[in-house]
$ cat upload.cif   # mmCIF, C-alpha atoms
data_model
loop_
_atom_site.label_atom_id
_atom_site.label_comp_id
_atom_site.auth_asym_id
_atom_site.auth_seq_id
_atom_site.Cartn_x
_atom_site.Cartn_y
_atom_site.Cartn_z
CA MET A 226 103.22 145.40 96.64
CA GLN A 227 101.50 142.17 95.72
CA ALA A 228 103.79 142.03 92.74
CA THR A 229 106.88 141.59 94.87
CA ALA A 230 105.51 138.48 96.54
CA GLU A 231 106.12 136.24 93.56
CA THR A 232 109.49 137.64 92.60
CA SER A 233 111.68 134.81 93.78
CA VAL A 234 110.56 132.55 90.95
CA GLN A 235 111.40 135.04 88.19
CA ASN A 236 114.93 134.05 87.37
CA SER A 237 114.17 130.38 87.06
CA GLN A 238 110.85 130.69 85.30
CA ASP A 239 110.95 133.34 82.62
CA ALA A 240 110.96 130.93 79.74
CA ALA A 241 107.31 131.17 78.65
CA PRO A 242 107.12 134.71 77.15
CA GLY A 243 110.73 134.77 75.98
CA ASN A 244 113.54 136.64 77.70
CA ARG A 245 111.61 139.04 79.88
CA ASN A 246 113.45 141.25 82.32
CA PRO A 247 113.82 140.19 85.98
CA TRP A 248 111.43 141.48 88.65
CA THR A 249 113.05 141.02 92.05
CA ARG A 250 112.55 142.07 95.64
CA ALA A 251 116.13 143.37 95.79
CA GLY A 252 115.42 145.53 92.75
CA TYR A 253 112.29 146.87 94.44
CA ARG A 254 114.35 147.89 97.48
CA ARG A 255 116.92 149.63 95.28
CA GLY A 256 114.04 151.46 93.60
CA LEU A 257 112.63 152.66 96.92
CA LEU A 258 116.03 154.13 97.82
CA ALA A 259 116.50 155.76 94.42
CA GLY A 260 113.00 157.24 94.68
CA PHE A 261 113.56 158.86 98.07
CA PRO A 262 114.86 162.26 96.86
CA VAL A 263 112.06 162.33 94.30
CA ALA A 264 109.53 161.71 97.07
CA LEU A 265 110.84 164.75 98.94
CA SER A 266 110.37 167.13 96.01
CA VAL A 267 106.96 165.59 95.24
CA ALA A 268 106.00 166.17 98.90
CA ALA A 269 107.02 169.82 98.70
CA TYR A 270 104.80 170.37 95.68
CA GLY A 271 102.06 168.29 97.35
CA MET A 272 101.96 170.69 100.28
CA VAL A 273 101.52 173.61 97.91
CA PHE A 274 98.72 171.71 96.19
CA GLY A 275 96.99 171.16 99.54
CA VAL A 276 97.15 174.88 100.36
CA LEU A 277 95.74 175.84 96.95
CA ALA A 278 93.01 173.16 97.14
CA ARG A 279 91.76 174.57 100.41
CA GLN A 280 91.70 178.07 99.00
CA VAL A 281 89.45 177.14 96.08
CA GLY A 282 87.08 175.38 98.47
CA LEU A 283 87.78 171.66 98.31
CA THR A 284 87.10 169.67 101.48
CA LEU A 285 89.79 167.48 103.06
CA LEU A 286 87.95 164.35 101.95
CA GLU A 287 87.80 165.64 98.35
CA VAL A 288 91.51 166.46 98.45
CA VAL A 289 92.49 163.00 99.71
CA LEU A 290 90.15 161.25 97.25
CA MET A 291 91.43 163.26 94.28
CA ASN A 292 95.07 162.74 95.20
CA THR A 293 94.57 159.02 95.65
CA ILE A 294 92.49 158.09 92.62
CA VAL A 295 93.52 160.76 90.10
CA PHE A 296 97.13 161.16 91.28
CA ALA A 297 98.27 163.64 88.63
CA GLY A 298 99.65 166.88 90.05
CA ALA A 299 99.76 169.07 86.95
CA ALA A 300 96.24 168.14 85.81
CA GLN A 301 94.86 168.51 89.32
CA THR A 302 96.43 171.95 89.67
CA ALA A 303 94.83 172.99 86.39
CA ALA A 304 91.51 171.61 87.69
CA LEU A 305 91.81 173.73 90.85
CA ASP A 306 92.20 176.76 88.63
CA LEU A 307 88.73 175.98 87.17
CA TRP A 308 87.19 174.92 90.50
CA SER A 309 84.20 177.15 91.27
CA TYR A 310 80.58 176.11 91.68
CA PRO A 311 78.69 175.19 89.60
CA LEU A 312 81.74 173.14 88.55
CA PRO A 313 82.57 173.27 84.83
CA VAL A 314 82.90 169.47 84.86
CA ALA A 315 83.37 169.11 81.09
CA ALA A 316 86.12 171.75 81.01
CA ILE A 317 87.83 170.15 84.02
CA VAL A 318 87.78 166.69 82.43
CA ILE A 319 88.91 167.93 79.00
CA THR A 320 91.76 169.91 80.57
CA THR A 321 92.73 166.80 82.55
CA VAL A 322 92.83 164.74 79.35
CA LEU A 323 94.89 167.37 77.50
CA ILE A 324 97.48 167.66 80.26
CA ASN A 325 97.62 163.91 80.84
CA LEU A 326 97.93 162.83 77.20
CA ARG A 327 101.68 162.91 77.80
CA LEU A 328 101.21 159.93 80.14
CA LEU A 329 100.41 157.89 77.02
CA LEU A 330 104.01 158.44 75.99
CA LEU A 331 105.45 157.58 79.39
CA GLY A 332 103.46 154.36 79.47
CA ALA A 333 104.41 153.52 75.91
CA ALA A 334 108.10 153.93 76.76
CA LEU A 335 107.78 151.36 79.58
CA ARG A 336 106.71 148.61 77.19
CA PRO A 337 110.17 147.23 76.42
CA TRP A 338 111.05 147.09 80.14
CA LEU A 339 107.92 145.15 81.13
CA ASP A 340 107.29 143.14 77.99
CA GLY A 341 106.40 139.54 78.66
CA TYR A 342 104.70 140.12 82.02
CA PRO A 343 100.97 139.36 82.22
CA ALA A 344 98.51 142.28 82.29
CA ARG A 345 97.36 141.53 85.84
CA ARG A 346 100.89 142.16 87.12
CA VAL A 347 101.61 145.32 85.13
CA TYR A 348 98.36 147.31 84.94
CA PRO A 349 97.77 147.90 88.68
CA TRP A 350 101.22 149.53 88.90
CA LEU A 351 100.54 151.90 86.01
CA HIS A 352 98.19 153.91 88.24
CA ILE A 353 101.17 155.34 90.16
CA MET A 354 103.29 156.06 87.07
CA ALA A 355 104.06 159.79 87.00
CA ASP A 356 106.66 162.05 85.40
CA GLU A 357 109.19 162.45 88.20
CA GLY A 358 109.53 158.77 89.06
CA TRP A 359 109.33 157.71 85.42
CA ALA A 360 112.21 160.05 84.57
CA VAL A 361 114.42 158.67 87.35
CA ALA A 362 113.67 155.06 86.39
CA MET A 363 114.12 155.59 82.64
CA ASN A 364 117.40 157.35 83.28
CA ARG A 365 118.65 154.21 85.05
CA TYR A 366 117.18 152.02 82.29
CA ALA A 367 119.26 153.94 79.78
CA ARG A 368 122.31 153.14 81.94
CA GLY A 369 121.57 149.42 82.02
CA GLU A 370 119.07 148.83 84.83
CA ARG A 371 116.62 146.10 83.75
CA ASP A 372 114.96 144.96 86.99
CA ALA A 373 111.21 145.70 86.78
CA GLY A 374 111.18 145.73 90.59
CA PHE A 375 113.45 148.80 90.50
CA LEU A 376 110.90 150.69 88.39
CA MET A 377 108.05 149.76 90.75
CA GLY A 378 110.13 150.74 93.79
CA VAL A 379 110.74 154.22 92.41
CA LEU A 380 107.06 154.61 91.48
CA THR A 381 105.98 153.48 94.97
CA MET A 382 107.77 156.48 96.48
CA LEU A 383 105.58 158.92 94.51
CA PRO A 384 102.24 158.45 96.33
CA ILE A 385 104.14 158.06 99.62
CA GLY A 386 105.56 161.55 99.05
CA TRP A 387 102.43 163.06 97.51
CA VAL A 388 99.25 162.00 99.31
CA PRO A 389 100.14 162.76 102.97
CA ALA A 390 101.80 166.04 101.94
CA THR A 391 98.63 167.28 100.23
CA ALA A 392 96.64 166.60 103.40
CA ILE A 393 99.27 168.39 105.53
CA GLY A 394 99.25 171.35 103.13
CA PHE A 395 95.46 171.46 103.35
CA MET A 396 95.58 171.61 107.14
CA LEU A 397 98.34 174.25 107.18
CA GLY A 398 96.35 176.24 104.61
CA SER A 399 94.03 177.55 107.31
CA GLN A 400 96.94 179.63 108.66
CA ILE A 401 97.06 181.68 105.46
CA GLY A 402 94.51 184.45 105.19
CA ASP A 403 93.86 186.35 101.96
CA PRO A 404 95.80 184.55 99.20
CA ALA A 405 96.16 187.71 97.08
CA ALA A 406 97.77 189.60 99.97
CA VAL A 407 100.80 187.28 99.85
CA GLY A 408 100.80 186.83 96.07
CA LEU A 409 99.42 183.29 96.27
CA ASP A 410 96.77 184.05 93.66
CA PHE A 411 99.70 184.01 91.22
CA ALA A 412 100.77 180.52 92.41
CA PHE A 413 98.94 178.71 89.61
CA ALA A 414 100.52 180.79 86.87
CA ALA A 415 103.94 180.46 88.54
CA ILE A 416 103.77 176.69 88.96
CA PHE A 417 102.54 176.17 85.40
CA ALA A 418 105.31 178.44 84.13
CA ALA A 419 107.91 176.54 86.18
CA MET A 420 106.66 173.23 84.75
CA LEU A 421 106.74 174.73 81.27
CA PHE A 422 110.35 175.91 81.60
CA GLY A 423 111.19 172.51 83.05
CA THR A 424 109.99 170.78 79.86
CA TRP A 425 112.14 172.99 77.60
CA GLN A 426 114.19 170.73 75.33
CA SER A 427 115.54 172.77 72.45
CA ARG A 428 115.07 175.84 70.28
CA PHE A 429 112.51 173.81 68.29
CA ASP A 430 110.11 174.41 71.20
CA LEU A 431 110.00 178.15 70.60
CA VAL A 432 107.69 178.31 67.57
CA PRO A 433 105.01 175.89 68.87
CA TRP A 434 105.01 177.52 72.31
CA THR A 435 104.77 181.05 70.92
CA THR A 436 101.88 179.96 68.71
CA ALA A 437 100.09 178.36 71.66
CA GLY A 438 100.61 181.50 73.75
CA ILE A 439 99.34 183.95 71.11
CA THR A 440 96.27 181.92 70.14
CA ALA A 441 95.44 181.24 73.81
CA TRP A 442 95.67 184.97 74.61
CA LEU A 443 93.43 185.88 71.66
CA ALA A 444 90.90 183.18 72.58
CA TYR A 445 91.02 184.26 76.23
CA GLN A 446 90.03 187.78 75.22
CA TRP A 447 87.39 186.96 72.62
CA LEU A 448 85.81 183.64 73.64
CA PRO A 449 83.86 182.65 76.76
CA GLY A 450 84.82 180.00 79.31
CA THR A 451 87.96 177.90 78.97
CA TRP A 452 88.14 177.48 75.20
CA TYR A 453 91.47 179.27 75.28
CA ILE A 454 93.16 176.20 76.80
CA MET A 455 92.02 173.84 74.05
CA ILE A 456 92.58 176.36 71.23
CA GLY A 457 96.06 177.29 72.43
CA ALA A 458 97.07 173.66 72.95
CA VAL A 459 95.76 172.41 69.60
CA SER A 460 97.31 175.23 67.58
CA GLY A 461 100.60 174.63 69.39
CA VAL A 462 100.81 170.92 68.53
CA VAL A 463 99.64 171.47 64.94
CA VAL A 464 102.44 174.00 64.45
CA ALA A 465 104.84 171.54 66.13
CA ALA A 466 103.83 168.86 63.63
CA LEU A 467 104.42 171.29 60.75
CA THR A 468 107.71 172.81 61.93
CA VAL A 469 109.55 170.23 64.03
CA ASP A 470 111.70 167.57 62.42
CA PRO A 471 110.83 164.29 64.18
CA ASP A 472 114.47 163.18 63.95
CA LYS A 473 115.67 166.20 65.92
CA VAL A 474 113.59 165.92 69.10
CA ALA A 475 113.14 163.27 71.77
CA THR A 476 109.88 161.41 71.34
CA VAL A 477 108.80 157.93 72.26
CA ALA A 478 109.30 156.78 68.68
CA SER A 479 112.94 157.91 68.69
CA LYS A 480 113.78 157.26 72.34
CA GLU A 481 112.51 153.71 72.52
CA PRO A 482 115.33 151.47 73.71
CA PRO A 483 116.18 148.49 71.54
CA ALA A 484 114.05 145.56 72.67
CA MET B 282 84.30 166.79 106.07
CA SER B 283 82.11 165.96 103.09
CA ILE B 284 82.04 165.50 99.37
CA HIS B 285 79.96 167.71 97.10
CA PRO B 286 78.16 165.56 94.47
CA GLU B 287 79.56 167.70 91.63
CA ALA B 288 83.06 167.38 93.08
CA LEU B 289 82.65 163.61 93.33
CA LEU B 290 81.56 163.42 89.70
CA ALA B 291 84.46 165.59 88.53
CA ILE B 292 87.01 163.63 90.59
CA LEU B 293 85.72 160.25 89.38
CA LEU B 294 85.80 161.35 85.73
CA MET B 295 89.28 162.82 86.19
CA ALA B 296 90.40 159.50 87.67
CA VAL B 297 88.96 157.48 84.79
CA VAL B 298 90.51 159.58 82.00
CA THR B 299 93.84 159.81 83.84
CA TYR B 300 94.15 156.05 84.31
CA ALA B 301 93.12 155.59 80.68
CA THR B 302 96.11 157.70 79.57
CA ARG B 303 98.48 155.83 81.90
CA ALA B 304 97.36 152.37 80.77
CA GLY B 305 96.53 153.35 77.18
CA GLY B 306 100.07 154.13 76.07
CA TYR B 307 101.43 150.89 77.48
CA TRP B 308 98.53 148.95 75.95
CA ILE B 309 98.79 150.45 72.49
CA MET B 310 102.58 150.05 72.29
CA GLY B 311 102.00 146.30 72.29
CA ARG B 312 99.87 146.67 69.17
CA ILE B 313 100.97 149.54 66.91
CA THR B 314 103.98 151.72 66.17
CA LEU B 315 103.53 155.47 66.44
CA SER B 316 104.17 157.59 63.34
CA PRO B 317 106.98 160.09 63.99
CA ARG B 318 104.63 162.99 63.24
CA VAL B 319 102.08 161.86 65.83
CA ALA B 320 104.90 161.25 68.32
CA VAL B 321 106.04 164.87 67.85
CA MET B 322 102.51 166.16 68.43
CA LEU B 323 102.15 164.13 71.63
CA ALA B 324 105.60 165.23 72.79
CA TYR B 325 104.65 168.90 72.37
CA LEU B 326 101.18 168.66 73.89
CA PRO B 327 102.08 169.19 77.57
CA GLY B 328 104.16 172.29 76.76
CA ALA B 329 101.39 173.66 74.55
CA VAL B 330 98.74 173.18 77.25
CA LEU B 331 100.97 174.80 79.87
CA THR B 332 101.70 177.75 77.58
CA ALA B 333 97.98 178.19 76.96
CA LEU B 334 97.38 178.27 80.72
CA VAL B 335 100.34 180.53 81.54
CA VAL B 336 100.16 183.29 78.92
CA PRO B 337 96.63 184.58 79.65
CA ALA B 338 97.22 184.31 83.42
CA VAL B 339 100.45 186.31 83.17
CA LEU B 340 99.23 188.96 80.72
CA ALA B 341 96.08 189.50 82.79
CA GLU B 342 98.41 190.69 85.58
CA GLY B 343 100.10 193.19 83.27
CA VAL B 344 103.71 194.27 83.81
CA ALA B 345 103.83 192.70 87.30
CA GLY B 346 102.91 189.35 85.74
CA VAL B 347 105.65 189.58 83.13
CA ILE B 348 108.29 190.48 85.75
CA ALA B 349 107.15 187.59 87.97
CA LEU B 350 107.24 185.24 84.97
CA ALA B 351 110.84 186.26 84.27
CA ALA B 352 111.73 185.62 87.93
CA THR B 353 110.11 182.16 87.72
CA ALA B 354 112.07 181.35 84.57
CA LEU B 355 115.37 182.46 86.09
CA ALA B 356 114.76 180.49 89.29
CA MET B 357 113.86 177.38 87.29
CA ARG B 358 117.01 177.74 85.25
CA TRP B 359 119.08 178.35 88.37
CA ARG B 360 117.87 175.46 90.56
CA GLY B 361 115.64 173.33 88.32
CA ASN B 362 113.22 172.95 91.23
CA LEU B 363 109.47 173.55 90.81
CA LEU B 364 108.90 174.70 94.36
CA ILE B 365 111.72 177.25 94.37
CA ALA B 366 110.67 178.56 90.96
CA MET B 367 107.05 178.93 92.08
CA LEU B 368 108.06 180.74 95.26
CA ALA B 369 110.24 183.08 93.20
CA GLY B 370 107.23 183.95 91.02
CA VAL B 371 104.87 184.43 93.96
CA GLY B 372 107.43 186.44 95.96
CA THR B 373 108.22 188.65 92.98
CA ILE B 374 104.61 189.54 92.24
CA TRP B 375 104.11 190.31 95.94
CA ILE B 376 107.10 192.68 95.92
CA VAL B 377 106.08 194.37 92.66
CA ARG B 378 102.57 194.93 94.03
CA GLN B 379 103.99 196.45 97.24
CA VAL B 380 106.22 198.78 95.24
CA THR B 381 103.59 199.87 92.74
CA GLY B 382 100.77 199.87 95.30
CA GLY B 383 98.74 197.62 92.97
#

$ encode --input "upload.cif" --output "structure tokens"
Amino acid sequence: MQATAETSVQNSQDAAPGNRNPWTRAGYRRGLLAGFPVALSVAAYGMVFGVLARQVGLTLLEVVLMNTIVFAGAAQTAALDLWSYPLPVAAIVITTVLINLRLLLLGAALRPWLDGYPARRVYPWLHIMADEGWAVAMNRYARGERDAGFLMGVLTMLPIGWVPATAIGFMLGSQIGDPAAVGLDFAFAAIFAAMLFGTWQSRFDLVPWTTAGITAWLAYQWLPGTWYIMIGAVSGVVVAALTVDPDKVATVASKEPPA
Amino acid sequence: MSIHPEALLAILLMAVVTYATRAGGYWIMGRITLSPRVAVMLAYLPGAVLTALVVPAVLAEGVAGVIALAATALAMRWRGNLLIAMLAGVGTIWIVRQVTGG
């Protein structure tokens, strides 16, 4: 929010770091509007997260703290899956890193849009950068949107949709008795599977995914703890590096808009 | 209304590594260019992690898990909405368990 305060000077004063993109209050408002439908779907998932968090034994304060300072739904859901005392803290943190490494790519792709702005203006906003809002904003960037305020407006809608919904889900969670009786013990697997199918890009995904699945299943049966996550993930990306032609899939290196 | 010390530690560490990934990509793009091979590996990482989480969870449920996975996939393809797809998976495994008495 503090970033919008100094927007009015942008158009007259962007000489210093070259031709940086505008960052306006009007753009921010357009971003808020464009982010509204995203906020609704984020809120729906947030409520599910709140229900699941209560079932694995988090307190309301822990739920609100995690959703505010971590703010990464997929990684947090994976963490809930591992959440039993004594907490496997190392496994939780490593799984968080593995799932969130993709955020490196999202952040990298924002560079051309925000280039020229000082670190103190950009870095605070990066905390609320997440897949859904990033995708909406980048889609508009590809169609010509250049106002940095628009990006920040879309991103602002994400925590607005997410954080209160997780708390509401937590409070509603007390109405649900035995999770297995209504199939909710399968919710983790189902939500991960839904995310997985949502990331499907092309037939090139098949070989790396199959590899990850087979090695994870073998490791799950033969090794203790949560090694299966790391082993499945690493074998999957190694096979991707060996089998996928970088020119044929969308990556940051290929998708980067001309600066 | 409290915070377990272990939970606090886990949440703080999760927050640190998560912000590092958010800021790190933006930071490094100002300094280096990614090799296409590394870009492919990073692009495939989320899918690989999700597959590694999903496959053991589904197979541990046996046939019911596989049927519910198929329902999740179909729902995701139909509506492209995480919530609907998840509910399809959960609802399906509930039904299969009722039918098979499992």

$ atom_distance --input "upload.cif" --atom1 "atom CA of Ile393 of chain A" --atom2 "atom CA of Met272 of chain A"
6.3 Å

$ atom_distance --input "upload.cif" --atom1 "atom CA of Thr373 of chain B" --atom2 "atom CA of Ala300 of chain A"
24.8 Å

$ interface_residues --input "upload.cif" --of "chain B" --to "chain A" --cutoff "6 Å" --atoms "all atoms listed in the file" --output "count of residues only"
35

$ residues_around --input "upload.cif" --residues "Glu342 of chain B" --least-positions-apart "6" --cutoff "10 Å" --atoms "only C-alpha atoms" --output "number ranges by chain"
A: 411; B: 348-349, 374

$ atom_distance --input "upload.cif" --atom1 "atom CA of Met396 of chain A" --atom2 "atom CA of Phe274 of chain A"
11.4 Å

$ closest_residue --input "upload.cif" --among "B:Val321, B:Val344, B:Leu290, B:Leu364" --to "Thr381 of chain B" --atoms "all atoms listed in the file"
B:Val344

$ resolve_selection --input "upload.cif" --expression "the PyMOL selection byres ((chain A and resi 373-377) around 9)" --output "ChimeraX atom specification"
/A:226,228-229,232,246-257,259,338-339,350,353-354,358-359,361-363,366,370-372,378-382

$ build_atoms --input "upload.cif" --residues "segment 390-412 of chain A" --atoms "N, CA, C and O atoms" --output "PDB file, keeping the file's coordinate frame"
ATOM      1  N   ALA A 390     101.392 164.635 102.023  1.00  0.00           N
ATOM      2  CA  ALA A 390     101.800 166.040 101.940  1.00  0.00           C
ATOM      3  C   ALA A 390     100.636 166.937 101.541  1.00  0.00           C
ATOM      4  O   ALA A 390     100.509 168.057 102.038  1.00  0.00           O
ATOM      5  N   THR A 391      99.769 166.451 100.633  1.00  0.00           N
ATOM      6  CA  THR A 391      98.630 167.280 100.230  1.00  0.00           C
ATOM      7  C   THR A 391      97.694 167.501 101.412  1.00  0.00           C
ATOM      8  O   THR A 391      97.152 168.593 101.582  1.00  0.00           O
ATOM      9  N   ALA A 392      97.506 166.456 102.223  1.00  0.00           N
ATOM     10  CA  ALA A 392      96.640 166.600 103.400  1.00  0.00           C
ATOM     11  C   ALA A 392      97.263 167.567 104.411  1.00  0.00           C
ATOM     12  O   ALA A 392      96.564 168.408 104.993  1.00  0.00           O
ATOM     13  N   ILE A 393      98.581 167.471 104.600  1.00  0.00           N
ATOM     14  CA  ILE A 393      99.270 168.390 105.530  1.00  0.00           C
ATOM     15  C   ILE A 393      99.156 169.830 105.027  1.00  0.00           C
ATOM     16  O   ILE A 393      98.843 170.751 105.783  1.00  0.00           O
ATOM     17  N   GLY A 394      99.376 170.015 103.718  1.00  0.00           N
ATOM     18  CA  GLY A 394      99.250 171.350 103.130  1.00  0.00           C
ATOM     19  C   GLY A 394      97.849 171.906 103.336  1.00  0.00           C
ATOM     20  O   GLY A 394      97.673 173.082 103.669  1.00  0.00           O
ATOM     21  N   PHE A 395      96.849 171.031 103.154  1.00  0.00           N
ATOM     22  CA  PHE A 395      95.460 171.460 103.350  1.00  0.00           C
ATOM     23  C   PHE A 395      95.259 171.970 104.767  1.00  0.00           C
ATOM     24  O   PHE A 395      94.652 173.008 104.982  1.00  0.00           O
ATOM     25  N   MET A 396      95.799 171.224 105.745  1.00  0.00           N
ATOM     26  CA  MET A 396      95.580 171.610 107.140  1.00  0.00           C
ATOM     27  C   MET A 396      96.361 172.876 107.502  1.00  0.00           C
ATOM     28  O   MET A 396      95.859 173.721 108.235  1.00  0.00           O
ATOM     29  N   LEU A 397      97.575 173.031 106.935  1.00  0.00           N
ATOM     30  CA  LEU A 397      98.340 174.250 107.180  1.00  0.00           C
ATOM     31  C   LEU A 397      97.703 175.447 106.488  1.00  0.00           C
ATOM     32  O   LEU A 397      97.914 176.588 106.893  1.00  0.00           O
ATOM     33  N   GLY A 398      96.919 175.165 105.436  1.00  0.00           N
ATOM     34  CA  GLY A 398      96.350 176.240 104.610  1.00  0.00           C
ATOM     35  C   GLY A 398      95.469 177.179 105.402  1.00  0.00           C
ATOM     36  O   GLY A 398      95.281 178.326 105.016  1.00  0.00           O
ATOM     37  N   SER A 399      94.929 176.693 106.528  1.00  0.00           N
ATOM     38  CA  SER A 399      94.030 177.550 107.310  1.00  0.00           C
ATOM     39  C   SER A 399      94.800 178.698 107.961  1.00  0.00           C
ATOM     40  O   SER A 399      94.205 179.674 108.394  1.00  0.00           O
ATOM     41  N   GLN A 400      96.128 178.577 108.039  1.00  0.00           N
ATOM     42  CA  GLN A 400      96.940 179.630 108.660  1.00  0.00           C
ATOM     43  C   GLN A 400      97.129 180.827 107.719  1.00  0.00           C
ATOM     44  O   GLN A 400      97.568 181.883 108.141  1.00  0.00           O
ATOM     45  N   ILE A 401      96.832 180.616 106.435  1.00  0.00           N
ATOM     46  CA  ILE A 401      97.060 181.680 105.460  1.00  0.00           C
ATOM     47  C   ILE A 401      95.741 182.398 105.185  1.00  0.00           C
ATOM     48  O   ILE A 401      94.746 181.766 104.858  1.00  0.00           O
ATOM     49  N   GLY A 402      95.742 183.694 105.349  1.00  0.00           N
ATOM     50  CA  GLY A 402      94.510 184.450 105.190  1.00  0.00           C
ATOM     51  C   GLY A 402      94.147 184.706 103.738  1.00  0.00           C
ATOM     52  O   GLY A 402      93.847 183.788 102.995  1.00  0.00           O
ATOM     53  N   ASP A 403      94.202 185.980 103.327  1.00  0.00           N
ATOM     54  CA  ASP A 403      93.860 186.350 101.960  1.00  0.00           C
ATOM     55  C   ASP A 403      94.988 185.951 101.022  1.00  0.00           C
ATOM     56  O   ASP A 403      96.095 186.478 101.131  1.00  0.00           O
ATOM     57  N   PRO A 404      94.721 185.023 100.081  1.00  0.00           N
ATOM     58  CA  PRO A 404      95.800 184.550  99.200  1.00  0.00           C
ATOM     59  C   PRO A 404      96.436 185.671  98.379  1.00  0.00           C
ATOM     60  O   PRO A 404      97.646 185.685  98.181  1.00  0.00           O
ATOM     61  N   ALA A 405      95.619 186.643  97.918  1.00  0.00           N
ATOM     62  CA  ALA A 405      96.160 187.710  97.080  1.00  0.00           C
ATOM     63  C   ALA A 405      97.130 188.601  97.851  1.00  0.00           C
ATOM     64  O   ALA A 405      98.080 189.131  97.290  1.00  0.00           O
ATOM     65  N   ALA A 406      96.916 188.722  99.168  1.00  0.00           N
ATOM     66  CA  ALA A 406      97.770 189.600  99.970  1.00  0.00           C
ATOM     67  C   ALA A 406      99.215 189.113 100.001  1.00  0.00           C
ATOM     68  O   ALA A 406     100.130 189.903 100.174  1.00  0.00           O
ATOM     69  N   VAL A 407      99.426 187.800  99.853  1.00  0.00           N
ATOM     70  CA  VAL A 407     100.800 187.280  99.850  1.00  0.00           C
ATOM     71  C   VAL A 407     101.208 186.811  98.451  1.00  0.00           C
ATOM     72  O   VAL A 407     102.185 186.089  98.296  1.00  0.00           O
ATOM     73  N   GLY A 408     100.432 187.178  97.442  1.00  0.00           N
ATOM     74  CA  GLY A 408     100.800 186.830  96.070  1.00  0.00           C
ATOM     75  C   GLY A 408     100.417 185.425  95.659  1.00  0.00           C
ATOM     76  O   GLY A 408     100.735 184.975  94.568  1.00  0.00           O
ATOM     77  N   LEU A 409      99.713 184.698  96.570  1.00  0.00           N
ATOM     78  CA  LEU A 409      99.420 183.290  96.270  1.00  0.00           C
ATOM     79  C   LEU A 409      98.424 183.111  95.135  1.00  0.00           C
ATOM     80  O   LEU A 409      98.315 182.034  94.568  1.00  0.00           O
ATOM     81  N   ASP A 410      97.681 184.179  94.797  1.00  0.00           N
ATOM     82  CA  ASP A 410      96.770 184.050  93.660  1.00  0.00           C
ATOM     83  C   ASP A 410      97.549 183.868  92.360  1.00  0.00           C
ATOM     84  O   ASP A 410      97.009 183.425  91.354  1.00  0.00           O
ATOM     85  N   PHE A 411      98.847 184.189  92.405  1.00  0.00           N
ATOM     86  CA  PHE A 411      99.700 184.010  91.220  1.00  0.00           C
ATOM     87  C   PHE A 411     100.353 182.619  91.227  1.00  0.00           C
ATOM     88  O   PHE A 411     101.067 182.254  90.300  1.00  0.00           O
ATOM     89  N   ALA A 412     100.082 181.811  92.270  1.00  0.00           N
ATOM     90  CA  ALA A 412     100.770 180.520  92.410  1.00  0.00           C
ATOM     91  C   ALA A 412     100.498 179.594  91.229  1.00  0.00           C
ATOM     92  O   ALA A 412     101.395 178.898  90.760  1.00  0.00           O
TER      93      ALA A 412
END
